[in-house]
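Colleague: My structure file start-v3.cif, mmCIF, C-alpha atoms, is below:
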data_protein
#
loop_
_atom_site.label_atom_id
_atom_site.label_comp_id
_atom_site.auth_asym_id
_atom_site.auth_seq_id
_atom_site.Cartn_x
_atom_site.Cartn_y
_atom_site.Cartn_z
CA MET T 10 138.81 61.88 51.47
CA LEU T 11 139.73 63.31 48.04
CA ASP T 12 137.84 63.21 44.76
CA TRP T 13 140.67 62.25 42.42
CA SER T 14 138.38 62.48 39.37
CA LYS T 15 138.47 66.26 39.83
CA ILE T 16 142.25 66.57 40.39
CA SER T 17 144.57 67.10 37.42
CA THR T 18 147.44 68.97 39.11
CA VAL T 19 149.16 68.11 42.40
CA LEU T 20 151.28 70.73 44.18
CA LEU T 21 153.49 69.21 46.86
CA ASP T 22 155.54 70.78 49.61
CA MET T 23 158.99 69.24 50.19
CA ASP T 24 160.18 69.18 53.82
CA GLY T 25 157.86 67.08 55.98
CA THR T 26 155.61 66.29 53.02
CA ILE T 27 157.94 64.41 50.67
CA LEU T 28 161.12 64.41 52.75
CA ASP T 29 161.37 63.42 56.41
CA LEU T 30 161.44 66.65 58.43
CA HIS T 31 163.86 65.04 60.92
CA PHE T 32 166.87 66.43 59.01
CA ASP T 33 165.62 70.02 59.28
CA THR T 34 164.54 69.65 62.91
CA HIS T 35 167.95 68.26 63.83
CA PHE T 36 169.85 70.85 61.83
CA TRP T 37 168.09 73.99 63.09
CA LEU T 38 167.54 72.94 66.70
CA HIS T 39 170.71 70.96 67.39
CA HIS T 40 173.47 71.08 64.78
CA LEU T 41 173.47 74.81 64.00
CA PRO T 42 173.28 75.81 67.70
CA GLN T 43 176.22 73.48 68.41
CA ARG T 44 178.38 75.05 65.69
CA TYR T 45 177.22 78.55 66.66
CA SER T 46 178.20 78.00 70.30
CA GLU T 47 181.65 76.79 69.23
CA LEU T 48 182.30 79.74 66.91
CA HIS T 49 180.99 82.46 69.22
CA ASN T 50 182.21 80.87 72.46
CA VAL T 51 178.83 80.86 74.19
CA ASN T 52 177.29 77.90 76.00
CA LEU T 53 174.98 75.64 74.01
CA ALA T 54 171.81 76.55 75.88
CA GLU T 55 172.41 80.27 75.20
CA ALA T 56 173.18 79.61 71.56
CA LYS T 57 170.02 77.56 71.13
CA GLN T 58 167.81 80.13 72.85
CA SER T 59 169.29 82.99 70.86
CA LEU T 60 168.71 81.18 67.57
CA VAL T 61 165.19 79.99 68.43
CA ASP T 62 164.22 83.55 69.40
CA HIS T 63 165.59 84.76 66.07
CA TYR T 64 163.74 82.01 64.15
CA GLN T 65 160.48 83.12 65.72
CA ARG T 66 161.05 86.76 64.76
CA VAL T 67 161.37 85.97 61.05
CA GLU T 68 159.21 82.83 60.80
CA GLY T 69 157.14 82.73 57.62
CA THR T 70 159.18 85.39 55.83
CA ILE T 71 161.63 84.84 52.97
CA ASP T 72 164.49 85.46 55.45
CA TRP T 73 163.43 82.48 57.56
CA TYR T 74 164.03 80.19 54.58
CA CYS T 75 167.10 82.02 53.20
CA LEU T 76 170.48 80.33 53.74
CA ASP T 77 172.30 83.55 52.81
CA TYR T 78 170.42 85.40 55.54
CA TRP T 79 171.37 82.82 58.19
CA ALA T 80 174.98 82.69 57.00
CA GLU T 81 175.17 86.45 57.48
CA GLN T 82 173.43 86.36 60.87
CA THR T 83 175.50 83.50 62.31
CA GLN T 84 178.83 84.04 60.46
CA LEU T 85 178.66 80.36 59.46
CA SER T 86 178.35 78.65 56.06
CA ILE T 87 174.91 77.10 56.38
CA THR T 88 175.31 74.96 53.24
CA ASP T 89 178.60 73.51 54.53
CA LEU T 90 177.04 72.79 57.92
CA LYS T 91 174.10 71.06 56.26
CA ARG T 92 176.53 68.79 54.45
CA GLU T 93 177.92 67.72 57.83
CA VAL T 94 174.58 66.04 58.62
CA GLN T 95 173.39 65.33 55.07
CA HIS T 96 173.09 61.60 55.83
CA LEU T 97 169.83 62.49 57.60
CA ILE T 98 168.23 63.77 54.37
CA GLN T 99 165.79 61.14 53.13
CA LEU T 100 162.40 60.59 51.57
CA ARG T 101 159.49 59.83 53.84
CA ILE T 102 159.16 56.04 53.82
CA ASP T 103 155.72 56.29 52.16
CA ALA T 104 156.72 58.92 49.57
CA HIS T 105 158.23 56.79 46.77
CA ASP T 106 155.14 54.68 46.06
CA PHE T 107 152.87 57.72 46.38
CA LEU T 108 154.93 59.79 43.93
CA CYS T 109 155.20 56.90 41.47
CA ALA T 110 151.43 56.40 41.58
CA LEU T 111 150.86 60.11 40.94
CA LYS T 112 153.32 60.08 38.04
CA SER T 113 151.74 56.97 36.51
CA SER T 114 148.28 58.53 36.83
CA GLY T 115 149.19 61.20 34.26
CA ARG T 116 148.69 64.16 36.55
CA ASP T 117 150.92 67.26 36.56
CA ILE T 118 153.18 66.81 39.61
CA VAL T 119 154.75 70.04 40.91
CA LEU T 120 157.08 70.66 43.86
CA VAL T 121 156.52 74.02 45.59
CA THR T 122 158.96 74.56 48.44
CA ASN T 123 159.91 77.57 50.55
CA ALA T 124 163.39 76.04 50.79
CA HIS T 125 166.31 78.08 49.49
CA PRO T 126 167.59 76.91 46.05
CA ASP T 127 170.86 75.72 47.63
CA SER T 128 168.93 73.61 50.12
CA LEU T 129 166.73 72.23 47.34
CA ALA T 130 169.84 71.36 45.29
CA LEU T 131 171.42 69.49 48.22
CA LYS T 132 168.23 67.52 48.82
CA ILE T 133 167.94 66.62 45.13
CA GLU T 134 171.58 65.50 45.20
CA ARG T 135 170.90 63.25 48.21
CA THR T 136 167.50 61.80 47.20
CA GLN T 137 167.05 62.35 43.42
CA LEU T 138 163.58 63.63 44.28
CA ASP T 139 163.50 65.65 41.03
CA LYS T 140 162.82 62.46 39.06
CA TYR T 141 159.30 62.30 40.52
CA PHE T 142 158.24 65.81 39.44
CA ASP T 143 157.31 67.53 36.20
CA THR T 144 158.33 70.93 37.61
CA LEU T 145 160.13 72.13 40.76
CA TYR T 146 159.79 75.63 42.22
CA SER T 147 161.58 77.32 45.10
CA THR T 148 159.46 80.25 46.24
CA HIS T 149 162.67 82.31 46.39
CA GLU T 150 162.34 82.82 42.63
CA PHE T 151 159.05 84.61 43.30
CA GLY T 152 160.41 86.70 46.19
CA VAL T 153 157.64 85.67 48.62
CA THR T 154 156.72 82.55 50.58
CA LYS T 155 153.69 80.25 50.55
CA GLU T 156 152.41 82.12 53.59
CA SER T 157 151.72 85.05 51.21
CA GLN T 158 148.77 85.37 48.82
CA LEU T 159 151.15 87.02 46.38
CA LEU T 160 153.07 83.76 46.00
CA TRP T 161 150.00 81.86 44.81
CA GLN T 162 149.14 84.64 42.39
CA ARG T 163 152.63 84.66 40.89
CA LEU T 164 152.83 80.87 40.81
CA GLN T 165 149.47 80.57 39.09
CA GLU T 166 150.47 83.17 36.51
CA LYS T 167 153.64 81.19 35.78
CA HIS T 168 152.33 77.64 35.93
CA GLY T 169 148.71 78.05 34.92
CA PHE T 170 146.98 75.57 37.23
CA VAL T 171 143.19 75.60 37.71
CA LEU T 172 142.24 76.02 41.37
CA GLU T 173 139.21 73.73 41.11
CA GLN T 174 141.38 70.93 39.68
CA THR T 175 144.47 71.31 41.89
CA LEU T 176 145.41 69.45 45.07
CA PHE T 177 147.88 71.12 47.44
CA VAL T 178 149.62 69.02 50.10
CA ASP T 179 151.66 70.51 52.98
CA ASP T 180 152.50 69.80 56.62
CA SER T 181 152.06 73.44 57.73
CA ILE T 182 148.56 74.47 58.81
CA THR T 183 149.53 78.15 58.36
CA ILE T 184 150.46 77.49 54.74
CA LEU T 185 147.37 75.36 54.11
CA ASP T 186 145.31 78.27 55.49
CA SER T 187 147.05 80.55 52.98
CA ALA T 188 146.25 78.16 50.13
CA LYS T 189 142.63 77.85 51.27
CA LYS T 190 142.29 81.63 51.35
CA TYR T 191 143.59 81.80 47.79
CA GLY T 192 140.88 79.39 46.69
CA PHE T 193 142.39 75.93 46.32
CA GLU T 194 139.60 73.38 46.07
CA HIS T 195 141.53 70.34 47.30
CA LEU T 196 143.80 70.46 50.36
CA LEU T 197 145.58 67.72 52.31
CA ALA T 198 147.62 67.99 55.51
CA VAL T 199 150.50 65.71 56.55
CA ALA T 200 150.09 64.91 60.24
CA ASN T 201 153.48 63.25 60.80
CA PRO T 202 156.16 65.33 59.04
CA ASP T 203 159.01 64.22 61.34
CA SER T 204 159.61 60.48 61.71
CA GLN T 205 161.12 61.04 65.16
CA GLN T 206 158.08 62.84 66.56
CA ASP T 207 154.49 61.86 67.26
CA SER T 208 151.73 62.55 64.77
CA ARG T 209 149.65 65.66 65.33
CA VAL T 210 145.86 65.77 65.52
CA ILE T 211 144.62 67.93 62.62
CA ASN T 212 140.97 68.91 62.48
CA GLN T 213 141.06 71.78 59.99
CA TYR T 214 141.85 69.70 56.88
CA PRO T 215 141.75 66.12 55.65
CA SER T 216 145.03 64.61 56.83
CA ILE T 217 147.18 61.53 56.37
CA THR T 218 150.01 59.81 58.21
CA ASP T 219 150.65 57.28 55.43
CA TYR T 220 150.24 57.96 51.72
CA SER T 221 149.57 54.26 51.06
CA GLU T 222 145.93 54.86 52.01
CA LEU T 223 145.60 57.04 48.88
CA LEU T 224 147.20 54.69 46.36
CA ALA T 225 144.14 52.64 45.38
CA ASP T 226 142.07 55.77 44.63
CA ILE T 227 144.86 57.40 42.63
CA LYS T 228 145.32 54.27 40.51
CA ALA T 229 141.58 53.88 40.05
CA THR T 230 141.15 57.38 38.59
CA PRO T 231 144.00 58.18 36.18
CA GLN T 232 144.06 61.39 34.14
CA HIS T 233 143.73 61.16 30.37
#
Can the structure in the file be given as structure tokens, please?

Modeller:
Amino acid sequence: MLDWSKISTVLLDMDGTILDLHFDTHFWLHHLPQRYSELHNVNLAEAKQSLVDHYQRVEGTIDWYCLDYWAEQTQLSITDLKREVQHLIQLRIDAHDFLCALKSSGRDIVLVTNAHPDSLALKIERTQLDKYFDTLYSTHEFGVTKESQLLWQRLQEKHGFVLEQTLFVDDSITILDSAKKYGFEHLLAVANPDSQQDSRVINQYPSITDYSELLADIKATPQH
């Protein structure tokens, strides 16, 4: 599936790729609408529809991922609301062994998430995911998201990875398309980002539902 002998840098998405997407799904589709309906005195179905419509209008932009934006739009503290359901934040069950194998292989392991820095901080606090990575980036520091070619340009200027030797892993086909357009040689899709939902069929890219199937190849081809 992947030629690990040609991969020296691994860029990994966070939500759905390293962390179970169930927390985010629950928060944005259930918990936030519930709190929004209570504050604004509208029924839950209306609150949910209003928010989902708004999500779709800004999807893929920096606003979509910005907690400050949603706090302003909803008049609610998004960070505080996330803490109310923070027990749902957890690593994918296959992530620990995968990340340890990558780390032991000597490759440069980099987190690249569209998540807001406050969201990233909360997730680090809950899971200690930072211990697995050499570097962690929120795209907010670059002012654009992974959906944008400008993000990859700015990230490459800062981090210095070689496209032909870099693997990028994400659960979003739109973002993988963006990375492919930029010229990444090695791409991998996660077909089951949310543990509470069925796996998707992905034909555009090599895909996995369990990182354990990669472990033997990673261990067999360490970087020197």

Colleague: What's the separation between CA of Thr148 (chain T) and CA of His125 (chain T), in Å to one decimal place?

Modeller: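 Interatomic distance here is 7.9 Å.
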
Colleague: Spell out the residues picked by the PyMOL selection byres ((chain T and resi 151) around 12) here, as a short mmCIF file (atom, residue, chain, number, x, y, z; two decimals) with C-alpha atoms, in the coordinates of the input.

Modeller:
data_model
loop_
_atom_site.label_atom_id
_atom_site.label_comp_id
_atom_site.auth_asym_id
_atom_site.auth_seq_id
_atom_site.Cartn_x
_atom_site.Cartn_y
_atom_site.Cartn_z
CA ILE T 71 161.63 84.84 52.97
CA VAL T 121 156.52 74.02 45.59
CA THR T 122 158.96 74.56 48.44
CA ASN T 123 159.91 77.57 50.55
CA HIS T 125 166.31 78.08 49.49
CA PRO T 126 167.59 76.91 46.05
CA TYR T 146 159.79 75.63 42.22
CA SER T 147 161.58 77.32 45.10
CA THR T 148 159.46 80.25 46.24
CA HIS T 149 162.67 82.31 46.39
CA GLU T 150 162.34 82.82 42.63
CA GLY T 152 160.41 86.70 46.19
CA VAL T 153 157.64 85.67 48.62
CA THR T 154 156.72 82.55 50.58
CA LYS T 155 153.69 80.25 50.55
CA SER T 157 151.72 85.05 51.21
CA GLN T 158 148.77 85.37 48.82
CA LEU T 159 151.15 87.02 46.38
CA LEU T 160 153.07 83.76 46.00
CA TRP T 161 150.00 81.86 44.81
CA GLN T 162 149.14 84.64 42.39
CA ARG T 163 152.63 84.66 40.89
CA LEU T 164 152.83 80.87 40.81
CA GLN T 165 149.47 80.57 39.09
CA GLU T 166 150.47 83.17 36.51
CA LYS T 167 153.64 81.19 35.78
#

Colleague: Can you give me, as a list in words, the residues this file yields under the PyMOL selection byres ((chain T and resi 216) around 9)?

Modeller: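 On this input, the PyMOL selection byres ((chain T and resi 216) around 9) captures Met10, Leu196, Leu197, Ala198, Val199, Ala200, Val210, Ile211, Asn212, Gln213, Tyr214, Pro215, Ile217 and Thr218 of chain T.
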
Colleague: For this file, the PyMOL selection byres ((chain T and resi 41) around 9) selects which residues, as a PyMOL selection string?

Modeller: chain T and resi 35-40+42-46+56-57+60+85+87+90-91

Colleague: Please return, as a list in words, all polymer residues that have at least one atom within 10 Å of the point (172.8, 62.9, 55.2); use all atoms listed in the file and the file's own coordinate frame.

Modeller: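 Residues satisfying the cut-off, written out: Phe32, Lys91, Arg92, Glu93, Val94, Gln95, His96, Leu97, Ile98, Gln99, Leu131, Lys132, Arg135 and Thr136 of chain T.
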
Colleague: With all atoms listed in the file as the atoms that count, which of T:Val119, T:Asp106, T:His31, T:Leu129 lies nearest to Leu76 (chain T)?

Modeller: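 Using all atoms listed in the file, the shortest distance to Leu76 (chain T) belongs to T:Leu129.
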